[in-house]
$ cat my_file.cif   # mmCIF, C-alpha atoms
data_input
loop_
_atom_site.label_atom_id
_atom_site.label_comp_id
_atom_site.auth_asym_id
_atom_site.auth_seq_id
_atom_site.Cartn_x
_atom_site.Cartn_y
_atom_site.Cartn_z
CA MET A 1 0.00 0.00 0.00
CA GLU A 2 1.42 3.38 -0.96
CA LYS A 3 1.87 5.98 1.72
CA GLU A 4 -0.57 8.40 0.11
CA ASP A 5 -3.28 5.75 0.50
CA ILE A 6 -2.89 5.56 4.27
CA VAL A 7 -2.54 9.19 5.32
CA ALA A 8 -5.49 10.09 7.53
CA ASN A 9 -6.93 12.65 9.91
CA VAL A 10 -6.03 11.09 13.24
CA GLY A 11 -6.86 12.17 16.77
CA PHE A 12 -4.73 11.39 19.81
CA LEU A 13 -5.84 11.89 23.40
CA GLY A 14 -3.39 11.62 26.29
CA LEU A 15 0.13 12.98 25.81
CA GLY A 16 2.02 11.48 28.73
CA ILE A 17 5.14 9.31 28.87
CA MET A 18 3.61 6.86 26.40
CA GLY A 19 1.06 8.91 24.48
CA GLY A 20 3.31 11.82 23.55
CA PRO A 21 5.90 9.76 21.64
CA MET A 22 3.18 7.59 20.08
CA ALA A 23 1.48 10.71 18.72
CA GLN A 24 4.80 11.97 17.35
CA HIS A 25 5.29 8.75 15.40
CA LEU A 26 1.86 9.15 13.81
CA ILE A 27 2.87 12.63 12.67
CA GLY A 28 6.16 11.21 11.39
CA ALA A 29 4.20 8.74 9.28
CA GLY A 30 2.48 11.63 7.53
CA HIS A 31 -0.87 11.69 9.33
CA THR A 32 -2.61 14.95 10.18
CA LEU A 33 -2.96 14.98 13.95
CA THR A 34 -5.46 16.61 16.30
CA VAL A 35 -4.58 16.27 19.98
CA TRP A 36 -6.17 16.68 23.39
CA SER A 37 -4.82 16.37 26.91
CA ASN A 38 -6.41 16.80 30.30
CA ASN A 39 -3.60 19.35 30.70
CA GLY A 40 -4.54 21.93 28.09
CA GLU A 41 -1.18 23.66 28.16
CA LYS A 42 0.59 20.36 27.43
CA ALA A 43 -1.63 19.86 24.38
CA LYS A 44 -0.94 23.38 23.11
CA LYS A 45 2.81 22.95 23.51
CA PHE A 46 2.74 19.57 21.80
CA ALA A 47 0.76 21.02 18.91
CA LYS A 48 3.16 23.95 18.52
CA ASP A 49 6.25 21.74 18.66
CA ASN A 50 4.93 19.04 16.34
CA ASN A 51 2.79 20.81 13.74
CA ALA A 52 -0.46 19.41 15.14
CA THR A 53 -3.77 20.95 16.16
CA ALA A 54 -4.79 21.15 19.84
CA VAL A 55 -8.46 21.26 20.82
CA ALA A 56 -10.28 21.87 24.08
CA THR A 57 -12.42 18.72 24.37
CA PRO A 58 -12.39 15.06 23.28
CA ALA A 59 -15.64 15.76 21.40
CA GLU A 60 -13.77 18.16 19.13
CA VAL A 61 -11.23 15.44 18.35
CA GLY A 62 -14.07 13.08 17.44
CA ARG A 63 -15.66 15.76 15.29
CA GLN A 64 -12.50 16.34 13.24
CA CYS A 65 -10.99 12.85 12.91
CA GLN A 66 -11.90 9.58 11.24
CA TYR A 67 -9.54 7.65 13.53
CA VAL A 68 -9.10 8.44 17.21
CA PHE A 69 -6.47 6.95 19.53
CA LEU A 70 -6.31 7.43 23.27
CA CYS A 71 -3.77 6.50 25.92
CA VAL A 72 -4.92 7.60 29.37
CA GLY A 73 -4.19 6.56 32.92
CA ASN A 74 -7.04 4.38 34.17
CA THR A 75 -10.49 2.95 33.57
CA GLU A 76 -12.49 5.97 34.66
CA MET A 77 -10.37 8.33 32.58
CA SER A 78 -10.96 6.14 29.54
CA ARG A 79 -14.71 5.89 30.10
CA ALA A 80 -15.03 9.65 30.61
CA THR A 81 -12.86 10.49 27.61
CA VAL A 82 -14.90 8.28 25.30
CA LEU A 83 -18.45 8.37 26.69
CA GLY A 84 -18.56 11.25 29.17
CA LYS A 85 -19.73 14.82 28.73
CA ASP A 86 -17.81 16.35 25.82
CA GLY A 87 -16.40 12.87 25.16
CA ILE A 88 -15.26 11.52 21.83
CA ALA A 89 -18.63 9.89 21.15
CA GLU A 90 -20.45 13.23 21.35
CA GLY A 91 -18.60 14.60 18.36
CA ALA A 92 -17.79 11.53 16.28
CA ALA A 93 -19.53 10.74 13.01
CA LYS A 94 -20.93 7.27 12.41
CA GLY A 95 -18.20 4.86 11.35
CA THR A 96 -15.42 6.61 13.29
CA LEU A 97 -12.86 4.10 14.57
CA ILE A 98 -11.77 4.66 18.20
CA VAL A 99 -8.67 2.80 19.43
CA ASP A 100 -8.00 2.70 23.17
CA CYS A 101 -4.33 2.00 23.95
CA SER A 102 -4.86 2.45 27.70
CA THR A 103 -4.63 -0.44 30.15
CA ILE A 104 -8.08 -0.52 31.72
CA SER A 105 -10.69 -2.97 32.97
CA PRO A 106 -11.53 -5.46 30.18
CA SER A 107 -15.15 -5.63 31.34
CA VAL A 108 -15.54 -1.85 31.18
CA SER A 109 -13.85 -1.81 27.78
CA LYS A 110 -16.43 -4.32 26.56
CA GLU A 111 -19.17 -2.03 27.90
CA ILE A 112 -17.67 0.92 26.04
CA HIS A 113 -17.52 -1.17 22.86
CA ALA A 114 -21.19 -2.13 23.19
CA GLU A 115 -22.33 1.44 23.86
CA LEU A 116 -20.37 2.81 20.92
CA ALA A 117 -21.78 0.12 18.64
CA LYS A 118 -25.29 1.39 19.46
CA GLN A 119 -24.16 4.79 18.17
CA GLY A 120 -22.65 3.41 14.98
CA LEU A 121 -19.08 3.90 16.19
CA ARG A 122 -16.31 1.30 16.05
CA PHE A 123 -13.96 0.46 18.91
CA ILE A 124 -10.73 -1.51 19.40
CA ASP A 125 -8.90 -2.18 22.65
CA ALA A 126 -5.16 -2.10 21.91
CA PRO A 127 -3.05 -1.80 25.08
CA VAL A 128 0.71 -1.62 24.59
CA THR A 129 3.87 -2.86 26.21
CA GLY A 130 7.41 -1.62 25.75
CA SER A 131 7.42 1.23 28.28
CA LYS A 132 8.90 4.66 27.59
CA GLY A 133 11.73 3.35 25.43
CA GLY A 134 9.40 1.44 23.13
CA ALA A 135 7.12 4.45 22.75
CA GLU A 136 10.06 6.70 21.89
CA THR A 137 11.59 4.32 19.34
CA GLY A 138 8.30 3.22 17.78
CA THR A 139 8.86 -0.41 18.76
CA LEU A 140 5.85 -1.04 21.00
CA THR A 141 3.98 -4.33 21.15
CA PHE A 142 0.20 -4.07 20.73
CA MET A 143 -2.26 -6.61 22.12
CA ILE A 144 -5.48 -6.02 20.23
CA GLY A 145 -9.12 -6.94 20.74
CA GLY A 146 -11.73 -6.25 18.08
CA SER A 147 -12.85 -7.18 14.59
CA LYS A 148 -10.27 -8.31 12.04
CA ALA A 149 -11.55 -5.77 9.53
CA ASP A 150 -11.21 -2.82 11.92
CA ILE A 151 -7.73 -3.94 12.97
CA ALA A 152 -6.61 -4.28 9.35
CA GLU A 153 -7.89 -0.78 8.65
CA ALA A 154 -5.97 0.64 11.61
CA MET A 155 -2.79 -1.35 10.93
CA PRO A 156 -0.91 1.39 9.03
CA MET A 157 -1.26 3.58 12.14
CA PHE A 158 -0.28 0.76 14.48
CA GLU A 159 2.80 0.19 12.33
CA ALA A 160 3.87 3.80 12.83
CA MET A 161 4.05 3.20 16.58
CA GLY A 162 5.01 -0.44 17.04
CA LYS A 163 6.72 -3.55 15.73
CA GLN A 164 4.72 -6.47 17.16
CA PHE A 165 0.95 -6.86 16.81
CA TYR A 166 -1.16 -9.62 18.34
CA HIS A 167 -4.85 -10.04 17.53
CA CYS A 168 -6.04 -11.66 20.75
CA GLY A 169 -9.70 -12.05 19.81
CA GLY A 170 -12.88 -10.07 20.23
CA PRO A 171 -13.59 -6.97 22.32
CA GLY A 172 -11.69 -6.84 25.61
CA LEU A 173 -9.33 -9.70 24.86
CA GLY A 174 -6.39 -7.45 24.06
CA LEU A 175 -6.76 -6.13 27.59
CA HIS A 176 -7.00 -9.63 29.04
CA ALA A 177 -3.65 -10.39 27.40
CA LYS A 178 -2.08 -7.14 28.65
CA VAL A 179 -3.24 -7.69 32.22
CA THR A 180 -1.79 -11.21 32.11
CA GLN A 181 1.52 -9.91 30.76
CA ASN A 182 1.80 -7.34 33.55
CA LEU A 183 0.82 -9.94 36.16
CA ILE A 184 3.84 -12.00 35.09
CA LEU A 185 6.04 -8.89 35.05
CA ALA A 186 5.03 -8.14 38.64
CA HIS A 187 5.91 -11.68 39.71
CA ILE A 188 9.35 -11.46 38.07
CA ASN A 189 9.94 -8.12 39.75
CA SER A 190 8.92 -9.47 43.16
CA GLY A 191 11.08 -12.58 42.79
CA PHE A 192 14.08 -10.49 41.77
CA ASN A 193 13.62 -8.20 44.77
CA GLU A 194 13.38 -11.01 47.28
CA GLY A 195 16.13 -13.08 45.72
CA LEU A 196 18.70 -10.30 45.37
CA ILE A 197 18.08 -9.10 48.91
CA LEU A 198 18.60 -12.64 50.16
CA SER A 199 21.82 -13.26 48.20
CA THR A 200 23.29 -9.81 48.85
CA LYS A 201 22.72 -9.97 52.57
CA ALA A 202 24.41 -13.38 52.63
CA GLY A 203 27.46 -11.85 50.95
CA VAL A 204 27.08 -12.75 47.26
CA ASP A 205 28.15 -9.85 45.03
CA PRO A 206 25.11 -8.60 43.06
CA ASN A 207 27.05 -8.74 39.77
CA VAL A 208 27.97 -12.37 40.39
CA MET A 209 24.33 -13.17 41.16
CA LEU A 210 23.23 -11.42 37.97
CA ASP A 211 25.73 -13.45 35.93
CA ILE A 212 24.29 -16.63 37.43
CA ILE A 213 20.76 -15.51 36.56
CA ASN A 214 21.78 -14.58 33.02
CA THR A 215 23.47 -17.91 32.27
CA THR A 216 20.87 -20.28 33.71
CA GLY A 217 17.29 -21.25 33.02
CA ILE A 218 15.90 -18.32 35.00
CA LYS A 219 17.32 -15.72 32.62
CA SER A 220 14.92 -12.87 31.89
CA THR A 221 15.45 -10.00 29.48
CA ILE A 222 13.71 -7.62 31.90
CA THR A 223 15.96 -8.50 34.84
CA SER A 224 19.05 -8.40 32.60
CA GLY A 225 18.14 -4.89 31.51
CA LYS A 226 16.93 -3.51 34.82
CA ALA A 227 19.40 -5.06 37.29
CA PRO A 228 22.31 -2.73 36.37
CA LEU A 229 20.03 0.25 37.04
CA VAL A 230 19.08 -1.19 40.43
CA PHE A 231 22.74 -1.78 41.24
CA ALA A 232 23.46 1.87 40.36
CA GLY A 233 20.48 3.18 42.34
CA ASN A 234 18.94 4.64 39.19
CA PHE A 235 15.15 4.52 39.55
CA ASP A 236 14.17 7.07 36.91
CA THR A 237 10.65 6.26 35.81
CA THR A 238 9.89 4.31 32.67
CA PHE A 239 6.92 2.47 34.24
CA SER A 240 5.92 3.47 37.73
CA VAL A 241 5.09 1.37 40.78
CA ARG A 242 1.71 3.09 40.92
CA TRP A 243 0.73 2.08 37.39
CA LEU A 244 1.83 -1.53 37.86
CA GLU A 245 -0.20 -1.75 41.07
CA LYS A 246 -3.20 -0.42 39.13
CA ASP A 247 -2.75 -3.18 36.53
CA ILE A 248 -2.42 -5.88 39.20
CA ASP A 249 -5.63 -4.57 40.74
CA LEU A 250 -7.24 -5.23 37.36
CA ALA A 251 -5.84 -8.76 37.42
CA VAL A 252 -7.26 -9.44 40.88
CA ASP A 253 -10.65 -8.11 39.75
CA LEU A 254 -10.55 -10.40 36.72
CA SER A 255 -9.75 -13.35 38.95
CA HIS A 256 -13.01 -12.70 40.78
CA ASP A 257 -14.97 -12.41 37.53
CA LEU A 258 -13.51 -15.63 36.10
CA SER A 259 -13.29 -17.63 39.35
CA VAL A 260 -9.53 -18.07 38.96
CA PRO A 261 -7.46 -18.21 42.17
CA VAL A 262 -4.45 -15.84 42.14
CA PRO A 263 -3.11 -16.00 45.72
CA VAL A 264 0.49 -15.12 44.83
CA THR A 265 -0.66 -12.18 42.70
CA ALA A 266 -2.67 -10.86 45.64
CA ALA A 267 0.48 -10.94 47.77
CA VAL A 268 2.49 -9.19 45.06
CA GLN A 269 -0.15 -6.46 44.95
CA GLN A 270 0.35 -5.85 48.66
CA GLN A 271 4.11 -5.57 48.08
CA LEU A 272 3.50 -2.92 45.43
CA ARG A 273 1.16 -1.08 47.79
CA ALA A 274 3.89 -1.15 50.43
CA ALA A 275 6.23 0.57 47.96
CA ILE A 276 3.60 3.22 47.29
CA ALA A 277 3.09 3.75 51.04
CA ALA A 278 6.86 4.14 51.42
CA GLY A 279 6.83 7.02 48.93
CA TYR A 280 8.08 5.19 45.84
CA GLY A 281 4.81 5.11 43.89
CA ASP A 282 5.79 7.54 41.14
CA GLU A 283 9.27 6.08 40.64
CA ASP A 284 10.22 3.14 38.44
CA VAL A 285 8.80 -0.27 39.35
CA TRP A 286 12.27 -1.61 40.10
CA GLY A 287 12.77 1.08 42.75
CA GLY A 288 10.32 -0.84 44.93
CA ILE A 289 13.24 -3.00 46.01
CA ARG A 290 14.02 -0.31 48.57
CA VAL A 291 11.12 -1.52 50.73
CA TYR A 292 12.92 -4.86 51.07
CA GLU A 293 16.25 -3.12 51.54
CA ASP A 294 14.88 -1.10 54.43
CA LEU A 295 13.39 -4.17 56.10
CA ALA A 296 16.49 -6.32 55.62
CA ARG A 297 18.96 -3.49 56.26
CA VAL A 298 20.97 -4.20 53.13
CA LYS A 299 21.51 -2.30 49.87
CA VAL A 300 21.62 -4.15 46.55
CA ARG A 301 24.23 -1.92 44.98
CA THR A 302 27.45 -2.81 43.22
CA GLY A 303 30.22 -3.15 45.79
CA LYS A 304 27.84 -2.64 48.73
CA SER A 305 26.15 -5.02 51.13
#
$ encode --input "my_file.cif" --output "structure tokens"
Amino acid sequence: MEKEDIVANVGFLGLGIMGGPMAQHLIGAGHTLTVWSNNGEKAKKFAKDNNATAVATPAEVGRQCQYVFLCVGNTEMSRATVLGKDGIAEGAAKGTLIVDCSTISPSVSKEIHAELAKQGLRFIDAPVTGSKGGAETGTLTFMIGGSKADIAEAMPMFEAMGKQFYHCGGPGLGLHAKVTQNLILAHINSGFNEGLILSTKAGVDPNVMLDIINTTGIKSTITSGKAPLVFAGNFDTTFSVRWLEKDIDLAVDLSHDLSVPVPVTAAVQQQLRAAIAAGYGDEDVWGGIRVYEDLARVKVRTGKS
């Protein structure tokens, strides 16, 4: 397909750590972009810096665009942005395709899909993984729920922002996959924290322990990448403790809905909440290790114990 065939009027709502770079990649692909943020000044600055148009309400985005993407913080933000007063649905013409890249409740996403269908509007859930780095480099992974036809239509825009695309099934199933992925991430993070505290306090050098991890069956690309930052005490945020706890809360809710026991996940959620209570909620997930460090009176830093 030639580029001129895929250029579109695209809306993007939510210009945070993930949304801002994603929107820039859509502009880079040649699309005409209209943006909105809950922080109006952020939207105006983004528009000025990136040759886009900023508007005052989500409804105005819906009114101007045939495709609308959003990436907002939580379930209620998503519901309000799409269906609330001055929401996308108020302004959108029949046939508009709305793509929600937020990580929200799958059941609520299904409700949004059903309500939009009554209004003649199309909806895809397409949460992403890859954190800040993936958003900035355009290498995100999308887990997508919705009709094959709608996904195929949106694919040129997905391809501007990501490299891996998984059609997980019907409405809400992209979110089920994303919640599962973050559940496993949280378990790996918790195991790393407990294990490295245990080995470091015993006297094993953290670098030696990392080499063992990286050359045995428990190797993980996420621990390989994050461990050096932990050892250096660098907890700059790419994905915060607070947002992972929110996603694990979604997982626990789903376990109730599906009658699936998740006892270890429930314990991991409490560990994340402890990190938030300790003041680490807005820092990177891997900074939560400091809760364990404080309790065990040991620092997992290179050359320190």
$ atom_distance --input "my_file.cif" --atom1 "atom CA of Glu111 of chain A" --atom2 "atom CA of Ala251 of chain A"
17.7 Å
$ residues_around --input "my_file.cif" --residues "segment 150-154 of chain A" --least-positions-apart "4" --cutoff "12 Å" --atoms "only C-alpha atoms" --output "MDAnalysis selection string"
chainID A and resid 1 5:8 10 26 66:69 95:100 121:126 142:146 158:161 165:171 174
$ resolve_selection --input "my_file.cif" --expression "the PyMOL selection byres ((chain A and resi 179) around 10)" --output "JSON list (two decimals) with C-alpha atoms, in the frame of the given file"
[["chain", "number", "residue", "atom", "x", "y", "z"],
["A", 103, "THR", "CA", -4.63, -0.44, 30.15],
["A", 104, "ILE", "CA", -8.08, -0.52, 31.72],
["A", 105, "SER", "CA", -10.69, -2.97, 32.97],
["A", 106, "PRO", "CA", -11.53, -5.46, 30.18],
["A", 127, "PRO", "CA", -3.05, -1.80, 25.08],
["A", 173, "LEU", "CA", -9.33, -9.70, 24.86],
["A", 174, "GLY", "CA", -6.39, -7.45, 24.06],
["A", 175, "LEU", "CA", -6.76, -6.13, 27.59],
["A", 176, "HIS", "CA", -7.00, -9.63, 29.04],
["A", 177, "ALA", "CA", -3.65, -10.39, 27.40],
["A", 178, "LYS", "CA", -2.08, -7.14, 28.65],
["A", 180, "THR", "CA", -1.79, -11.21, 32.11],
["A", 181, "GLN", "CA", 1.52, -9.91, 30.76],
["A", 182, "ASN", "CA", 1.80, -7.34, 33.55],
["A", 183, "LEU", "CA", 0.82, -9.94, 36.16],
["A", 184, "ILE", "CA", 3.84, -12.00, 35.09],
["A", 185, "LEU", "CA", 6.04, -8.89, 35.05],
["A", 244, "LEU", "CA", 1.83, -1.53, 37.86],
["A", 247, "ASP", "CA", -2.75, -3.18, 36.53],
["A", 248, "ILE", "CA", -2.42, -5.88, 39.20],
["A", 249, "ASP", "CA", -5.63, -4.57, 40.74],
["A", 250, "LEU", "CA", -7.24, -5.23, 37.36],
["A", 251, "ALA", "CA", -5.84, -8.76, 37.42],
["A", 252, "VAL", "CA", -7.26, -9.44, 40.88],
["A", 254, "LEU", "CA", -10.55, -10.40, 36.72]]
$ resolve_selection --input "my_file.cif" --expression "the PyMOL selection byres ((chain A and resi 24) around 12)" --output "MDAnalysis selection string"
chainID A and resid 10:12 15:23 25:35 46:47 49:52 135:138 157 160:161
$ closest_residue --input "my_file.cif" --among "A:Ala149, A:Met209, A:Ile88, A:Ile289" --to "Thr302 of chain A" --atoms "only C-alpha atoms"
A:Met209
$ atom_distance --input "my_file.cif" --atom1 "atom CA of Thr238 of chain A" --atom2 "atom CA of Pro263 of chain A"
27.4 Å
$ resolve_selection --input "my_file.cif" --expression "the PyMOL selection byres ((chain A and resi 230-232) around 12)" --output "count of residues only"
39
$ closest_residue --input "my_file.cif" --among "A:Ala117, A:Ile188, A:Ala43, A:Cys101" --to "Leu140 of chain A" --atoms "only C-alpha atoms"
A:Cys101
